[in-house]
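Enquirer: The structure is given below, and queries will be raised subsequently.
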Amino acid sequence: MPVCKIRHIRLLAAVLAVPILVIVSLQTQAEYADVVLNRNSEKEGVRPVVYPHWFHRIRFQCRVCHTELGFEMRVGANKVTMEGIIDGKFCGACHDGETAWTVENCDLCHSGLPGMETGITGGHKTLGPGNW
Ligand code: HEC
Ligand code: HEC
Ligand code: HEC
């Protein structure tokens, strides 16, 4: 390919990248982004869990999880275990084949890349209780 054409493509890529970056950074500022849970997953031979907080937050009220199901509002603070989930606690309260798909779908939850640590991917700014 002639050099001028390659430059042309690079320029085009740069122009396209700007709006894409803007969209991505706006999305990562969305409330609580994704939560990575990896207290034991990788140690126990499965991939880290990626919990899409935003996805759930727009479907349920905060109190469903943070009051009724007892999830403390701090990333990494909850000792979530697979045994508990299978018993219908934590994620298992909904991922039971009725409210949402079952725990047999390991890969849908254990979808993180090896090495991802417990924490938030993307923005973690919250408006704080009472302000959302
Ligand atoms: C379907 C369940 C669910 C709903 C609904 C939900 N959350 Fe969460 N939230 C979680 C889980 C799970 C975590 C991660 C806990 C952990 O890592 O142990 C979390 C984490 C958080 C955190 C911690 C963020 C940080 O920086 O440490 C805050 C704050 C929070 N949620 C606020 C809210 C608010 C406000 C709402 C309602 C607008 C809400 N959540 C709705 C499940 C939920
Ligand atoms: C609805 C989401 C979800 C599904 C589906 C799921 N897991 Fe988990 N799993 C979790 C969460 C959350 C944890 C706690 C993550 C952490 O902190 O490491 C966990 C932890 C684990 C652990 C770490 C040790 C322990 O017992 O807590 C293993 C091993 C595990 N899961 C295996 C599986 C297997 C195998 C499947 C499929 C049969 C599965 N998981 C399906 C959410 C899920
Ligand atoms: C209050 C109920 C509730 C709780 C608690 C809950 N989920 Fe969900 N989750 C849902 C529903 C409903 C869906 C949508 C199911 C569907 O589309 O069929 C969903 C979907 C998902 C998805 C797929 C998101 C997508 O983009 O399609 C993942 C991943 C997931 N949940 C992980 C988790 C993990 C991990 C936990 C525990 C930390 C958890 N969920 C706790 C109700 C819940």
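Residue numbering restarts at 1 in every chain; chains get A, B, ... in the order shown in the structure tokens, and ligands count up from 1 in that same order.
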List as a list in words the protein and nucleic acid residues near Val80 in chain A, meaning an atom at most 12 Å away when only C-alpha atoms are counted, but skip any in the same chain fewer than 3 places from it.
Expert: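 Using only C-alpha atoms, the neighbours found are Leu37, Asn38, Arg39, Asn40, Ser41, Val49, Leu69, Gly70, Phe71, Glu72, Val75, Gly76, Ala77, Glu83, Gly84, Ile85, Ile86, Asp87, Gly88, Lys89, Phe90, Cys91 and Gly92 of chain A.
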Enquirer: Got time to write the residues from that selection, C-alpha atoms, as a tab-separated table (two decimals), in the first residue's frame?
Expert:
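Below is the file result-v1.tsv, written as the result:
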chain	number	residue	atom	x	y	z
A	37	LEU	CA	-15.20	-9.71	42.73
A	38	ASN	CA	-12.09	-11.79	43.13
A	39	ARG	CA	-11.62	-12.68	46.77
A	40	ASN	CA	-11.41	-16.40	46.06
A	41	SER	CA	-12.38	-17.02	42.46
A	49	VAL	CA	-16.54	-12.31	38.68
A	69	LEU	CA	-30.25	-9.07	50.61
A	70	GLY	CA	-27.72	-7.52	52.97
A	71	PHE	CA	-25.04	-6.45	50.48
A	72	GLU	CA	-22.88	-3.89	52.23
A	75	VAL	CA	-16.74	-3.05	47.13
A	76	GLY	CA	-15.06	-6.19	48.45
A	77	ALA	CA	-16.83	-5.92	51.82
A	83	GLU	CA	-22.09	-22.14	48.56
A	84	GLY	CA	-24.15	-19.15	49.72
A	85	ILE	CA	-25.20	-18.38	46.17
A	86	ILE	CA	-26.35	-21.95	45.57
A	87	ASP	CA	-28.26	-21.68	48.86
A	88	GLY	CA	-30.16	-18.72	47.45
A	89	LYS	CA	-28.19	-15.94	49.13
A	90	PHE	CA	-26.44	-12.98	47.47
A	91	CYS	CA	-26.59	-13.32	43.67
A	92	GLY	CA	-28.44	-16.60	44.17
Enquirer: Would you list the residues that come within 10 Å of ligand 1? Count only C-alpha atoms and all ligand atoms and give the answer as a VMD selection string.
Expert: chain A and resid 31 to 39 50 to 80 90 to 91 93 to 94 118 to 120 123 to 132
Enquirer: Considering only C-alpha atoms and all ligand atoms, state which residue in the set A:Asp96, A:Glu42, A:Thr81, A:Glu117 is at the smallest distance from ligand 2.
Expert: A:Thr81
Enquirer: Looking only at strand (DSSP E) from DSSP on the backbone, list the matching residues of range 21-80 of chain A as a list in words.
Expert: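 Strand (DSSP E) assignments inside range 21-80 of chain A correspond to Asp34, Val35, Val36, Leu37, Val49, Val50, Tyr51 and Pro52 of chain A.
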Enquirer: As a list in words, which residues of range 30-84 of chain A does DSSP assign to helix (DSSP H, G or I)?
Expert: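 Matching residues, listed in order: His53, Trp54, Phe55, His56, Arg57, Cys62, Arg63, Val64, Cys65, His66, Thr67, Glu68, Met82, Glu83 and Gly84 of chain A.
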Enquirer: Any chance you could export the current selection's C-alpha atoms as a compact mmCIF listing (two decimals), in the first residue's frame?
Expert:
# COMPACT_ATOMS: atom_id res chain seq x y z
CA HIS A 53 -23.75 -2.84 38.87
CA TRP A 54 -25.35 -0.37 36.47
CA PHE A 55 -27.24 -3.12 34.66
CA HIS A 56 -28.82 -4.24 37.96
CA ARG A 57 -29.22 -0.80 39.44
CA CYS A 62 -31.06 -0.10 45.91
CA ARG A 63 -32.80 -1.46 48.98
CA VAL A 64 -33.47 -4.83 47.31
CA CYS A 65 -29.78 -5.64 47.44
CA HIS A 66 -28.36 -3.26 50.00
CA THR A 67 -31.06 -3.77 52.64
CA GLU A 68 -33.09 -6.89 51.95
CA MET A 82 -20.53 -19.98 45.83
CA GLU A 83 -22.09 -22.14 48.56
CA GLY A 84 -24.15 -19.15 49.72
Enquirer: For the atom pair atom 37 (C, counted along the ligand's line) of ligand 3 and CA of Val103 in chain A, what is the interatomic distance in Å to one decimal place?
Expert: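 These atoms are spaced 10.3 Å apart.
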